[in-house]
Every structure is written in C-alpha cells, then in structure tokens.
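> My structure is stored as structure_0.txt, with compact mmCIF, C-alpha atoms.
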```txt
# COMPACT_ATOMS: atom_id res chain seq x y z
CA MET O 1 0.00 0.00 0.00
CA LEU O 2 2.88 2.35 0.88
CA THR O 3 4.55 1.66 -2.47
CA VAL O 4 1.38 2.57 -4.39
CA THR O 5 1.06 5.78 -2.40
CA LEU O 6 4.67 6.76 -3.13
CA VAL O 7 4.27 6.07 -6.86
CA ALA O 8 1.10 8.17 -7.00
CA ALA O 9 2.87 11.02 -5.22
CA ALA O 10 5.75 10.83 -7.69
CA VAL O 11 3.38 11.01 -10.65
CA ILE O 12 1.68 14.09 -9.20
CA ALA O 13 5.05 15.73 -8.58
CA VAL O 14 6.19 15.14 -12.15
CA GLY O 15 2.92 16.52 -13.50
CA ALA O 16 3.29 19.66 -11.39
CA PHE O 17 6.87 20.11 -12.61
CA LEU O 18 5.81 20.02 -16.24
CA LEU O 19 3.18 22.73 -15.84
CA VAL O 20 5.71 25.57 -16.06
CA ASP O 21 7.07 27.98 -18.68
CA GLY O 22 8.53 26.16 -21.65
CA THR O 23 7.44 23.29 -23.80
CA GLY O 24 7.76 20.65 -21.07
CA SER O 25 7.50 17.29 -22.82
CA GLU O 26 9.56 16.23 -25.80
CA ALA O 27 6.57 14.37 -27.21
CA GLU O 28 5.43 15.56 -30.62
CA PRO O 29 1.69 15.06 -30.94
CA VAL O 30 0.59 15.39 -34.53
CA THR O 31 -3.00 16.15 -35.40
CA GLY O 32 -4.91 17.19 -38.49
CA ALA O 33 -4.64 20.89 -39.25
CA ALA O 34 -8.46 21.04 -39.22
CA ASP O 35 -8.72 19.47 -35.75
CA PRO O 36 -11.17 21.68 -33.81
CA ARG O 37 -9.03 21.32 -30.70
CA LEU O 38 -6.43 23.41 -32.54
CA VAL O 39 -8.64 26.06 -34.12
CA ARG O 40 -12.26 26.55 -33.20
CA GLU O 41 -14.77 28.74 -34.97
CA ASP O 42 -14.39 31.47 -32.37
CA SER O 43 -10.63 31.17 -31.90
CA HIS O 44 -8.79 34.48 -32.05
CA ARG O 45 -7.14 34.83 -35.45
CA LEU O 46 -4.79 37.81 -35.52
CA ASP O 47 -3.85 37.16 -39.14
CA VAL O 48 -5.66 35.22 -41.83
CA ALA O 49 -4.20 33.84 -45.07
CA ALA O 50 -6.69 33.72 -47.89
CA ASP O 51 -5.32 30.43 -49.22
CA GLY O 52 -5.38 28.79 -45.77
CA LYS O 53 -2.23 26.81 -46.53
CA VAL O 54 -0.26 27.69 -43.40
CA THR O 55 -1.74 28.03 -39.92
CA LEU O 56 0.38 28.76 -36.84
CA VAL O 57 -1.34 28.23 -33.50
CA GLU O 58 0.13 29.39 -30.20
CA PHE O 59 -1.06 28.22 -26.81
CA LEU O 60 0.09 30.99 -24.47
CA ASP O 61 0.02 32.38 -20.96
CA PHE O 62 0.21 36.18 -20.77
CA GLU O 63 2.23 35.96 -17.53
CA CYS O 64 4.70 33.41 -18.89
CA GLU O 65 8.17 34.92 -19.29
CA SER O 66 8.95 32.53 -22.14
CA CYS O 67 5.83 33.73 -23.97
CA GLY O 68 6.91 37.31 -23.34
CA ALA O 69 10.35 36.50 -24.75
CA ALA O 70 8.78 34.91 -27.86
CA TYR O 71 6.33 37.77 -28.39
CA PRO O 72 8.72 40.08 -30.37
CA SER O 73 9.67 37.20 -32.66
CA VAL O 74 6.02 36.35 -33.25
CA GLU O 75 5.17 39.97 -34.01
CA ARG O 76 8.09 40.24 -36.43
CA LEU O 77 6.97 37.05 -38.14
CA ARG O 78 3.37 38.25 -38.37
CA LYS O 79 4.48 41.49 -39.99
CA GLU O 80 6.76 39.77 -42.50
CA TYR O 81 4.23 37.09 -43.47
CA ALA O 82 1.07 39.19 -43.30
CA GLY O 83 -1.53 37.71 -45.64
CA ARG O 84 0.49 34.52 -46.14
CA ILE O 85 -0.10 32.74 -42.85
CA THR O 86 -2.95 32.42 -40.40
CA TYR O 87 -1.89 33.08 -36.80
CA VAL O 88 -4.16 31.89 -34.00
CA VAL O 89 -3.95 32.61 -30.27
CA ARG O 90 -5.24 30.09 -27.71
CA TYR O 91 -5.31 30.64 -23.95
CA PHE O 92 -3.34 28.31 -21.68
CA PRO O 93 -3.01 29.99 -18.25
CA LEU O 94 -0.70 28.06 -15.97
CA PRO O 95 -1.68 27.41 -12.33
CA ASN O 96 1.65 28.65 -10.95
CA HIS O 97 1.00 32.16 -12.32
CA THR O 98 -1.22 34.24 -10.04
CA ASN O 99 -2.51 36.55 -12.78
CA ALA O 100 -2.51 34.25 -15.80
CA GLN O 101 -6.23 33.53 -15.57
CA ASN O 102 -7.04 37.18 -14.83
CA ALA O 103 -5.05 38.30 -17.86
CA ALA O 104 -6.72 35.77 -20.14
CA GLN O 105 -10.15 36.86 -18.95
CA ALA O 106 -9.18 40.50 -19.50
CA ALA O 107 -8.17 39.67 -23.07
CA GLU O 108 -11.41 37.77 -23.64
CA ALA O 109 -13.50 40.62 -22.21
CA ALA O 110 -11.66 42.99 -24.57
CA ALA O 111 -12.38 40.62 -27.45
CA LYS O 112 -16.09 41.06 -26.82
CA GLN O 113 -15.56 44.71 -27.78
CA ASP O 114 -13.31 43.89 -30.76
CA LYS O 115 -10.16 44.86 -28.86
CA PHE O 116 -8.52 41.46 -28.43
CA GLU O 117 -5.36 42.29 -30.37
CA ALA O 118 -4.94 45.61 -28.59
CA MET O 119 -5.22 43.92 -25.17
CA TYR O 120 -2.99 41.03 -26.30
CA ALA O 121 -0.27 43.56 -27.16
CA LYS O 122 -0.82 45.62 -24.01
CA LEU O 123 -0.49 42.60 -21.74
CA PHE O 124 2.78 41.52 -23.29
CA ASP O 125 4.17 45.05 -23.55
CA THR O 126 3.59 45.56 -19.81
CA GLN O 127 4.28 42.02 -18.60
CA LYS O 128 7.35 43.02 -16.56
CA GLU O 129 5.21 45.48 -14.58
CA TRP O 130 2.78 42.87 -13.22
CA GLY O 131 4.18 39.45 -14.04
CA GLU O 132 5.24 37.15 -11.18
CA ALA O 133 3.18 39.19 -8.67
CA ARG O 134 1.59 37.24 -5.82
CA THR O 135 -1.48 39.47 -5.63
CA SER O 136 -4.27 40.04 -8.13
CA HIS O 137 -3.71 42.59 -10.87
CA ALA O 138 -7.31 42.52 -12.09
CA ASP O 139 -7.51 46.27 -11.39
CA THR O 140 -4.36 46.83 -13.46
CA PHE O 141 -5.96 45.04 -16.39
CA ALA O 142 -9.13 47.09 -15.95
CA GLY O 143 -6.91 50.16 -16.23
CA TYR O 144 -5.57 48.85 -19.51
CA ALA O 145 -9.13 48.31 -20.73
CA GLU O 146 -9.93 51.93 -19.92
CA GLN O 147 -6.79 53.11 -21.74
CA LEU O 148 -7.91 51.12 -24.80
CA GLY O 149 -11.25 52.91 -24.78
CA LEU O 150 -13.45 49.99 -23.77
CA ASP O 151 -16.93 50.47 -22.35
CA MET O 152 -16.00 49.88 -18.72
CA THR O 153 -19.47 48.93 -17.55
CA ARG O 154 -19.57 46.20 -20.14
CA TYR O 155 -15.96 45.20 -19.47
CA GLY O 156 -16.69 44.88 -15.75
CA ALA O 157 -19.59 42.55 -16.46
CA ASP O 158 -17.79 40.52 -19.12
CA VAL O 159 -14.44 39.98 -17.41
CA THR O 160 -15.89 37.77 -14.65
CA ALA O 161 -18.87 36.38 -16.55
CA PRO O 162 -19.21 32.57 -16.51
CA ALA O 163 -19.12 32.56 -20.33
CA THR O 164 -15.73 34.32 -20.28
CA VAL O 165 -14.28 31.88 -17.74
CA GLU O 166 -15.68 28.96 -19.73
CA ARG O 167 -14.15 30.30 -22.95
CA VAL O 168 -10.68 30.53 -21.41
CA ASN O 169 -11.01 27.11 -19.77
CA ARG O 170 -12.12 25.52 -23.04
CA ASP O 171 -8.95 26.72 -24.75
CA LYS O 172 -6.89 25.21 -21.96
CA ALA O 173 -8.83 21.95 -22.13
CA ASP O 174 -8.16 21.74 -25.88
CA GLY O 175 -4.47 22.33 -25.25
CA THR O 176 -4.37 19.67 -22.58
CA ASP O 177 -6.06 17.19 -24.93
CA LEU O 178 -3.38 17.97 -27.51
CA GLY O 179 -0.56 17.29 -25.04
CA VAL O 180 0.31 20.89 -24.19
CA GLN O 181 2.04 21.03 -20.81
CA GLY O 182 3.78 24.39 -20.84
CA THR O 183 3.89 27.66 -22.70
CA PRO O 184 4.48 28.81 -25.32
CA THR O 185 3.54 25.77 -27.39
CA PHE O 186 3.21 26.20 -31.15
CA PHE O 187 1.50 24.01 -33.73
CA LEU O 188 2.20 24.56 -37.41
CA ASN O 189 -0.33 22.96 -39.75
CA GLY O 190 -1.31 20.54 -37.01
CA LYS O 191 2.22 19.53 -36.02
CA ARG O 192 3.77 20.62 -32.77
CA LEU O 193 6.99 22.60 -33.23
CA GLN O 194 9.88 21.17 -31.24
CA VAL O 195 12.23 24.15 -31.55
CA SER O 196 12.89 27.19 -29.41
CA PRO O 197 10.49 29.93 -30.64
CA THR O 198 13.15 32.31 -31.87
CA TYR O 199 12.45 34.36 -34.97
CA ALA O 200 14.93 32.30 -37.02
CA ASN O 201 13.37 28.98 -35.97
CA LEU O 202 9.80 30.14 -36.54
CA LYS O 203 10.73 31.66 -39.89
CA LYS O 204 12.37 28.44 -41.08
CA ALA O 205 9.35 26.38 -40.03
CA VAL O 206 6.97 28.75 -41.80
CA ASP O 207 9.14 28.88 -44.94
CA ASP O 208 9.24 25.09 -45.06
CA ALA O 209 5.45 24.91 -44.67
CA LEU O 210 4.92 27.49 -47.39
CA ALA O 211 7.26 25.64 -49.73
CA ALA O 212 5.52 22.35 -49.03
CA GLY O 213 2.15 23.89 -49.81
CA ALA O 214 3.25 25.68 -52.96
```
Mind converting the file's structure to structure tokens?

Amino acid sequence: MLTVTLVAAAVIAVGAFLLVDGTGSEAEPVTGAADPRLVREDSHRLDVAADGKVTLVEFLDFECESCGAAYPSVERLRKEYAGRITYVVRYFPLPNHTNAQNAAQAAEAAAKQDKFEAMYAKLFDTQKEWGEARTSHADTFAGYAEQLGLDMTRYGADVTAPATVERVNRDKADGTDLGVQGTPTFFLNGKRLQVSPTYANLKKAVDDALAAGA
C-alpha cells in the first residue's frame, strides 16, 4: 500500500513540474490541421491567409516569461508574413502564475468589444510590470481596458462572466487534450513545433510549410 502511495505522489510531482514555462515534454503530438481542438470557430485569429495553406497556433500564458520573450519574434513574423499565414492565439493559463487567468479573462473581455489584439499587445508590452506578482492585478488590467477605450461597464460585467471563464477554460482543455504542458507551445499545420520559438526557428518552419504547400 505504501509503495502505491509513493508512486502516486511521484506522478503528481512530475505533472506539477511540467506545468511551467517552456514546452515541457519532448513528445510531438501530430494532429490534423483542421482538428477543432487546434482552431475553433471562435478562436482568435490575428492574421488570416486567404489560401489557408499555413496556420500557426500558439497556446500561451500572458504571464509566462517565455511567452513574453517569444512575443517580439512572433510579431516580427506576423508582420513579415502578413496575408500569407494564419496566426491563432489560444489561452493556456498556468496554475503557478497568479494573474494568468485574470489576464486571459481581460483579453477575452476585450475581445467582446473587438479589442482582443490591442489587449494582447498591451499585456505583453507591460508584462514586466505585473508578471510574477503574488497578488491580483485585475484592477491593473481594468486600467488597460480603460486606456484602450473599452466600455468599462460592459468590461466589468464581461471579465468575470461565466461565459468568459468557460471560454478561457475551453482553450486550456483543448491544449491539454493535444498534449500541451507548458507555454508557449506552437502548432504549425497541425504539427507541434519542437524548436525554441526564436524568430529564425519560426521563420524556417513557416518557410518550409509554405514551400511544401506551394
């Protein structure tokens, strides 16, 4: 009985260790590019390619330092490949980040007023100001919403609404089903990228995908 208990504890410990910044597992789940767990009808698409040949999906946590480090590379890539790739953002707030869920809900509340991209950028641009805090920064995010010109009465209702929480949690559930354990995790045309998300690595992966679909 003691042995079983120790094994169970070890499994839980390993699982907790993997739920941190970074890609975690070396597994490479491959799924169809049209798998709804990757891109749902209401997923946030910051860029859309008319031909639909290349889709890059990022599961991210706005408080994750690794996501913040990847953000400039992603933005550079989006600018360079505008109109040629579809870029999709999925929420994956990690439990060890106090404000990850709050930030995701702030972004989703902003999305309800067509300001998702503006809030997405604001959260990453200011990450060092609130990231790794041990207290709630929900008021900070409300301040960002006001700066972005959102209707604050509506924002206040939306940010904690059950539908908003459910939306964020559904993204995370999809990521978990796909084997996501840490952030950022990228999927390119249904295949998980197993490289550090530097600009050079992302560019090579996208170039290869574009060439393959030519």
> Using only C-alpha atoms, find the one residue out of O:Pro72, O:Pro162, O:Gly143, O:Gly156 that sits nearest to O:Leu202.
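Smallest distance to O:Leu202 is found for O:Pro72.
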> Just want the 9 Å neighbourhood of O:Ala49, counted on all atoms listed in the file, with same-chain residues fewer than 3 positions away dropped. Output as a list in words.
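Near O:Ala49, the qualifying residues are Gly52, Lys53, Val54, Thr55, Ala82, Gly83, Arg84, Ile85, Thr86 and Tyr87 of chain O.
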> List the neighbours of O:Thr98 out to 12 Å using all atoms listed in the file; skip same-chain residues closer than 4 positions along the sequence, and give me the result as a PDB file with C-alpha atoms, in the frame of the given file.

```pdb
ATOM      1  CA  ASP O  61       0.020  32.380 -20.960  1.00  0.00           C
ATOM      2  CA  PHE O  62       0.210  36.180 -20.770  1.00  0.00           C
ATOM      3  CA  GLU O  63       2.230  35.960 -17.530  1.00  0.00           C
ATOM      4  CA  CYS O  64       4.700  33.410 -18.890  1.00  0.00           C
ATOM      5  CA  PRO O  93      -3.010  29.990 -18.250  1.00  0.00           C
ATOM      6  CA  LEU O  94      -0.700  28.060 -15.970  1.00  0.00           C
ATOM      7  CA  ASN O 102      -7.040  37.180 -14.830  1.00  0.00           C
ATOM      8  CA  ALA O 103      -5.050  38.300 -17.860  1.00  0.00           C
ATOM      9  CA  ALA O 104      -6.720  35.770 -20.140  1.00  0.00           C
ATOM     10  CA  TRP O 130       2.780  42.870 -13.220  1.00  0.00           C
ATOM     11  CA  GLY O 131       4.180  39.450 -14.040  1.00  0.00           C
ATOM     12  CA  GLU O 132       5.240  37.150 -11.180  1.00  0.00           C
ATOM     13  CA  ALA O 133       3.180  39.190  -8.670  1.00  0.00           C
ATOM     14  CA  ARG O 134       1.590  37.240  -5.820  1.00  0.00           C
ATOM     15  CA  THR O 135      -1.480  39.470  -5.630  1.00  0.00           C
ATOM     16  CA  SER O 136      -4.270  40.040  -8.130  1.00  0.00           C
ATOM     17  CA  HIS O 137      -3.710  42.590 -10.870  1.00  0.00           C
ATOM     18  CA  ALA O 138      -7.310  42.520 -12.090  1.00  0.00           C
TER      19      ALA O 138
END
```
> Quick one: what's the axis-aligned box for stretch 187-195 of chain O, all listed atoms, 3 Å on every side, centre and edges in Å to one decimal, as lines of an AutoDock Vina configuration file?

```
center_x = 5.5
center_y = 22.0
center_z = -35.5
size_x = 19.5
size_y = 11.0
size_z = 14.5
```
> Nearest residue to O:Leu150 out of O:Thr183, O:Gln113, O:Thr126, O:Gln101, using only C-alpha atoms?
O:Gln113
> So how far away is atom CA of O:Arg170 from atom CA of O:Asp35, in Å?
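These two atoms are separated by 14.5 Å.
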> Counting only C-alpha atoms, note down every residue that has an atom within 12 Å of the point (-14.1, 28.5, -32.2) (file coordinates), as a PDB file with C-alpha atoms, keeping the file's coordinate frame.

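Wrote selection.pdb, looks like this:
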```pdb
ATOM      1  CA  ALA O  34      -8.460  21.040 -39.220  1.00  0.00           C
ATOM      2  CA  ASP O  35      -8.720  19.470 -35.750  1.00  0.00           C
ATOM      3  CA  PRO O  36     -11.170  21.680 -33.810  1.00  0.00           C
ATOM      4  CA  ARG O  37      -9.030  21.320 -30.700  1.00  0.00           C
ATOM      5  CA  LEU O  38      -6.430  23.410 -32.540  1.00  0.00           C
ATOM      6  CA  VAL O  39      -8.640  26.060 -34.120  1.00  0.00           C
ATOM      7  CA  ARG O  40     -12.260  26.550 -33.200  1.00  0.00           C
ATOM      8  CA  GLU O  41     -14.770  28.740 -34.970  1.00  0.00           C
ATOM      9  CA  ASP O  42     -14.390  31.470 -32.370  1.00  0.00           C
ATOM     10  CA  SER O  43     -10.630  31.170 -31.900  1.00  0.00           C
ATOM     11  CA  HIS O  44      -8.790  34.480 -32.050  1.00  0.00           C
ATOM     12  CA  ARG O  45      -7.140  34.830 -35.450  1.00  0.00           C
ATOM     13  CA  VAL O  88      -4.160  31.890 -34.000  1.00  0.00           C
ATOM     14  CA  VAL O  89      -3.950  32.610 -30.270  1.00  0.00           C
ATOM     15  CA  ARG O  90      -5.240  30.090 -27.710  1.00  0.00           C
ATOM     16  CA  ARG O 167     -14.150  30.300 -22.950  1.00  0.00           C
ATOM     17  CA  VAL O 168     -10.680  30.530 -21.410  1.00  0.00           C
ATOM     18  CA  ARG O 170     -12.120  25.520 -23.040  1.00  0.00           C
ATOM     19  CA  ASP O 171      -8.950  26.720 -24.750  1.00  0.00           C
ATOM     20  CA  ASP O 174      -8.160  21.740 -25.880  1.00  0.00           C
TER      21      ASP O 174
END
```
> To one decimal place, how far is atom CA of O:Pro197 from atom CA of O:Arg78 in Å?
13.4 Å
